[in-house]
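Pasted below: run-v3.cif, mmCIF, C-alpha atoms.
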```
data_data
#
loop_
_atom_site.label_atom_id
_atom_site.label_comp_id
_atom_site.auth_asym_id
_atom_site.auth_seq_id
_atom_site.Cartn_x
_atom_site.Cartn_y
_atom_site.Cartn_z
CA MET S 1 -26.49 -69.18 125.41
CA THR S 2 -25.28 -72.09 127.51
CA PRO S 3 -23.77 -71.58 130.94
CA GLU S 4 -20.45 -72.74 129.51
CA HIS S 5 -20.59 -70.04 126.81
CA ARG S 6 -21.46 -67.38 129.39
CA HIS S 7 -18.61 -68.50 131.58
CA LEU S 8 -16.21 -68.39 128.64
CA ASP S 9 -17.37 -64.87 127.76
CA GLN S 10 -16.90 -63.78 131.36
CA THR S 11 -13.38 -65.22 131.48
CA ARG S 12 -12.55 -63.44 128.20
CA GLN S 13 -13.67 -60.15 129.68
CA LEU S 14 -11.72 -60.82 132.86
CA LEU S 15 -8.62 -61.67 130.86
CA ARG S 16 -8.90 -58.44 128.84
CA LEU S 17 -9.24 -56.44 132.05
CA ARG S 18 -6.25 -58.20 133.61
CA GLU S 19 -4.16 -57.63 130.48
CA LEU S 20 -5.00 -53.91 130.57
CA ARG S 21 -4.01 -53.71 134.22
CA ARG S 22 -0.84 -55.66 133.50
CA GLY S 23 0.00 -53.16 130.74
CA GLN S 24 -0.54 -50.28 133.14
CA ALA S 25 1.62 -51.95 135.77
CA GLU S 26 4.37 -52.58 133.20
CA ALA S 27 4.29 -48.90 132.17
CA GLN S 28 4.44 -47.78 135.80
CA ALA S 29 7.33 -50.14 136.52
CA ARG S 30 9.19 -48.88 133.44
CA GLN S 31 8.66 -45.27 134.52
CA ALA S 32 9.81 -46.11 138.05
CA ARG S 33 12.96 -47.80 136.69
CA GLU S 34 13.70 -44.73 134.55
CA ALA S 35 13.13 -42.38 137.50
CA GLN S 36 15.36 -44.52 139.69
CA ALA S 37 18.10 -44.50 137.03
CA ARG S 38 17.86 -40.70 136.74
CA ALA S 39 18.02 -40.31 140.52
CA LEU S 40 21.01 -42.63 140.70
CA ALA S 41 22.83 -40.71 137.96
CA ALA S 42 22.11 -37.40 139.71
CA ALA S 43 23.35 -38.75 143.04
CA GLN S 44 26.53 -40.07 141.42
CA ALA S 45 27.17 -36.75 139.68
CA THR S 46 26.70 -34.88 142.95
CA GLN S 47 28.99 -37.35 144.73
CA GLU S 48 31.64 -36.65 142.10
CA ARG S 49 31.26 -32.89 142.71
CA VAL S 50 31.68 -33.46 146.45
CA ALA S 51 34.83 -35.49 145.79
CA GLU S 52 36.19 -32.76 143.49
CA HIS S 53 35.59 -30.07 146.11
CA GLN S 54 37.20 -32.23 148.81
CA ALA S 55 40.25 -32.76 146.61
CA GLU S 56 40.40 -29.04 145.85
CA ARG S 57 40.21 -28.21 149.56
CA LEU S 58 42.86 -30.76 150.39
CA GLY S 59 45.19 -29.35 147.73
CA LEU S 60 44.78 -25.83 149.05
CA LEU S 61 45.30 -26.93 152.65
CA GLN S 62 48.47 -28.78 151.67
CA GLN S 63 49.79 -25.69 149.92
CA MET S 64 48.97 -23.56 152.97
CA THR S 65 50.63 -25.93 155.45
CA GLN S 66 53.72 -26.54 153.35
CA GLY S 67 54.43 -22.85 153.12
CA HIS S 68 54.14 -22.59 149.34
CA LEU S 69 51.93 -19.59 149.77
CA LEU S 70 53.64 -16.41 150.79
CA VAL S 71 52.39 -14.58 153.85
CA ARG S 72 51.06 -11.76 151.73
CA TRP S 73 48.82 -14.24 149.87
CA ALA S 74 47.47 -15.79 153.07
CA SER S 75 44.31 -13.67 153.13
CA GLN S 76 43.55 -14.56 149.52
CA ALA S 77 44.23 -18.23 150.27
CA GLN S 78 41.85 -18.02 153.23
CA ALA S 79 39.18 -16.44 150.99
CA CYS S 80 39.73 -19.21 148.44
CA ARG S 81 39.46 -21.78 151.23
CA ASP S 82 36.20 -20.23 152.43
CA LEU S 83 34.83 -20.36 148.88
CA ILE S 84 35.84 -24.01 148.52
CA GLU S 85 34.30 -24.83 151.91
CA ASP S 86 31.06 -23.12 150.86
CA ARG S 87 30.95 -25.04 147.57
CA LEU S 88 31.68 -28.27 149.41
CA GLU S 89 28.92 -27.63 151.94
CA ARG S 90 26.43 -26.86 149.16
CA ALA S 91 27.46 -30.00 147.26
CA GLU S 92 27.10 -32.13 150.40
CA TYR S 93 23.64 -30.68 151.02
CA ALA S 94 22.70 -31.37 147.39
CA LEU S 95 24.04 -34.91 147.77
CA SER S 96 21.83 -35.43 150.80
CA GLU S 97 18.80 -34.30 148.79
CA GLU S 98 19.79 -36.47 145.82
CA GLU S 99 20.15 -39.48 148.12
CA ASP S 100 16.68 -38.81 149.56
CA THR S 101 15.32 -38.62 146.01
CA LEU S 102 17.10 -41.88 145.17
CA HIS S 103 15.62 -43.61 148.22
CA ALA S 104 12.15 -42.39 147.25
CA ALA S 105 12.72 -43.64 143.69
CA ASP S 106 13.84 -47.00 145.08
CA ARG S 107 10.66 -47.24 147.16
CA ASP S 108 8.54 -46.30 144.15
CA LEU S 109 10.32 -48.92 142.05
CA ASP S 110 9.74 -51.55 144.73
CA HIS S 111 6.05 -50.65 144.85
CA ALA S 112 5.72 -50.66 141.06
CA SER S 113 7.53 -54.00 140.84
CA ALA S 114 5.22 -55.50 143.45
CA SER S 115 2.20 -54.16 141.55
CA LEU S 116 3.58 -55.63 138.34
CA ARG S 117 4.09 -59.03 139.96
CA THR S 118 0.52 -58.92 141.26
CA ALA S 119 -0.83 -57.90 137.86
CA LEU S 120 1.15 -60.67 136.15
CA ALA S 121 -0.13 -63.26 138.62
CA ARG S 122 -3.73 -62.10 138.15
CA SER S 123 -3.35 -62.08 134.38
CA ASP S 124 -1.94 -65.61 134.47
CA ALA S 125 -4.83 -66.71 136.69
CA ALA S 126 -7.36 -65.19 134.27
CA ASP S 127 -5.60 -66.91 131.38
CA ARG S 128 -5.81 -70.25 133.20
CA ALA S 129 -9.49 -69.62 133.98
CA GLN S 130 -10.19 -68.92 130.32
CA HIS S 131 -8.33 -72.08 129.32
CA GLN S 132 -10.39 -74.10 131.81
CA ALA S 133 -13.61 -72.49 130.56
CA ARG S 134 -12.69 -73.49 127.00
CA GLN S 135 -12.03 -77.03 128.15
CA ARG S 136 -15.39 -77.15 129.99
CA LEU S 137 -17.20 -75.80 126.93
CA ALA S 138 -15.53 -78.35 124.67
CA ALA S 139 -16.38 -81.13 127.10
CA ALA S 140 -19.99 -79.97 127.35
CA LEU S 141 -20.32 -79.76 123.56
CA GLU S 142 -18.79 -83.19 123.19
CA LYS S 143 -21.13 -84.59 125.83
CA ARG S 144 -24.16 -83.08 124.09
CA ALA S 145 -22.99 -84.45 120.77
CA GLU S 146 -22.70 -87.92 122.30
CA ARG S 147 -26.26 -87.68 123.66
CA GLU S 148 -27.37 -86.05 120.45
CA ASP S 149 -29.07 -83.30 122.41
CA PRO S 150 -29.76 -80.16 120.43
CA ILE S 151 -27.77 -77.15 121.55
CA PRO S 152 -30.21 -74.83 123.29
CA THR S 153 -30.61 -71.51 121.60
CA ALA S 154 -31.96 -68.33 123.03
CA LEU S 155 -35.38 -67.46 121.68
CA PRO S 156 -36.20 -63.85 120.94
CA PRO S 157 -38.44 -62.18 123.52
CA GLY S 158 -42.12 -62.94 122.92
CA ALA S 159 -41.47 -65.90 120.59
CA PRO S 160 -43.67 -68.99 121.10
CA ARG S 161 -42.00 -71.98 122.70
#
```

What do you get writing this file as structure tokens?
Amino acid sequence: MTPEHRHLDQTRQLLRLRELRRGQAEAQARQAREAQARALAAAQATQERVAEHQAERLGLLQQMTQGHLLVRWASQAQACRDLIEDRLERAEYALSEEEDTLHAADRDLDHASASLRTALARSDAADRAQHQARQRLAAALEKRAEREDPIPTALPPGAPR
């Protein structure tokens, strides 16, 4: 086997390896995008719950301050207000956790995207190396054909020369 053939085989193997790694990086980036989308949807849903509880609290407070609630209902209104405040606090805490999850998903997506870009660049470099190896092999074969040199072949072990 000529050095050009060996080099071409090596570049083929390198290209296959780079394509496998690129595939893995693409899968990881896809998973990171999906996780980020889920985290964003969860954060938006929690934000909507917070807004609903804030509106509910505001409505109750307006009713209490405008005197629409009779004095005898004041204790029940206060209990309702406490319940709304508790729900709002829980929703705000959940929102904080969802935002942390979203930030982590964003970081993971950034990392996966960077890995994908690296894998793509390495795959492209391996593809270019294989293309160059093919060109070198073709040039070497053409040069040998011009000189009419026989293409060296590997002899089996122990064969006479």

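The smallest atom-to-atom distance between Ala39 of chain S and any of S:Ala139, S:Ala104, S:Ala129, S:Ala112, using all atoms listed in the file, is found for S:Ala104.
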
Close residues, Asp86 of chain S itself excluded, 12 Å, only C-alpha atoms, min 5 positions apart in chain, as a PyMOL selection string: chain S and resi 50+53-54+57+79-81+91-93

Writing out the chosen residues with C-alpha atoms as a compact mmCIF listing (two decimals), keeping the file's coordinate frame:
```txt
# COMPACT_ATOMS: atom_id res chain seq x y z
CA VAL S 50 31.68 -33.46 146.45
CA HIS S 53 35.59 -30.07 146.11
CA GLN S 54 37.20 -32.23 148.81
CA ARG S 57 40.21 -28.21 149.56
CA ALA S 79 39.18 -16.44 150.99
CA CYS S 80 39.73 -19.21 148.44
CA ARG S 81 39.46 -21.78 151.23
CA ALA S 91 27.46 -30.00 147.26
CA GLU S 92 27.10 -32.13 150.40
CA TYR S 93 23.64 -30.68 151.02
```

Distance query Glu99 of chain S at most 10 Å, only C-alpha atoms, self and fewer than 4 positions along chain excluded, as a list in words: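 The neighbour list is Ala39, Leu40, Ala42, Ala43, Gln44, Thr46, Gln47, Tyr93, Ala94, Leu95, His103, Ala104 and Ala105 of chain S.
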
Counting only C-alpha atoms, figure out which residue out of S:Gln10, S:Gln135, S:Gln28, S:Gln66 gets nearest to His111 of chain S.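 Closest residue, counting only C-alpha atoms: S:Gln28.
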
Which residue is closest to Arg6 of chain S? Choose from S:Arg107, S:Arg38, S:Lys143, S:Arg136 and count all atoms listed in the file.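 Of all the options, S:Arg136 lies closest to Arg6 of chain S.
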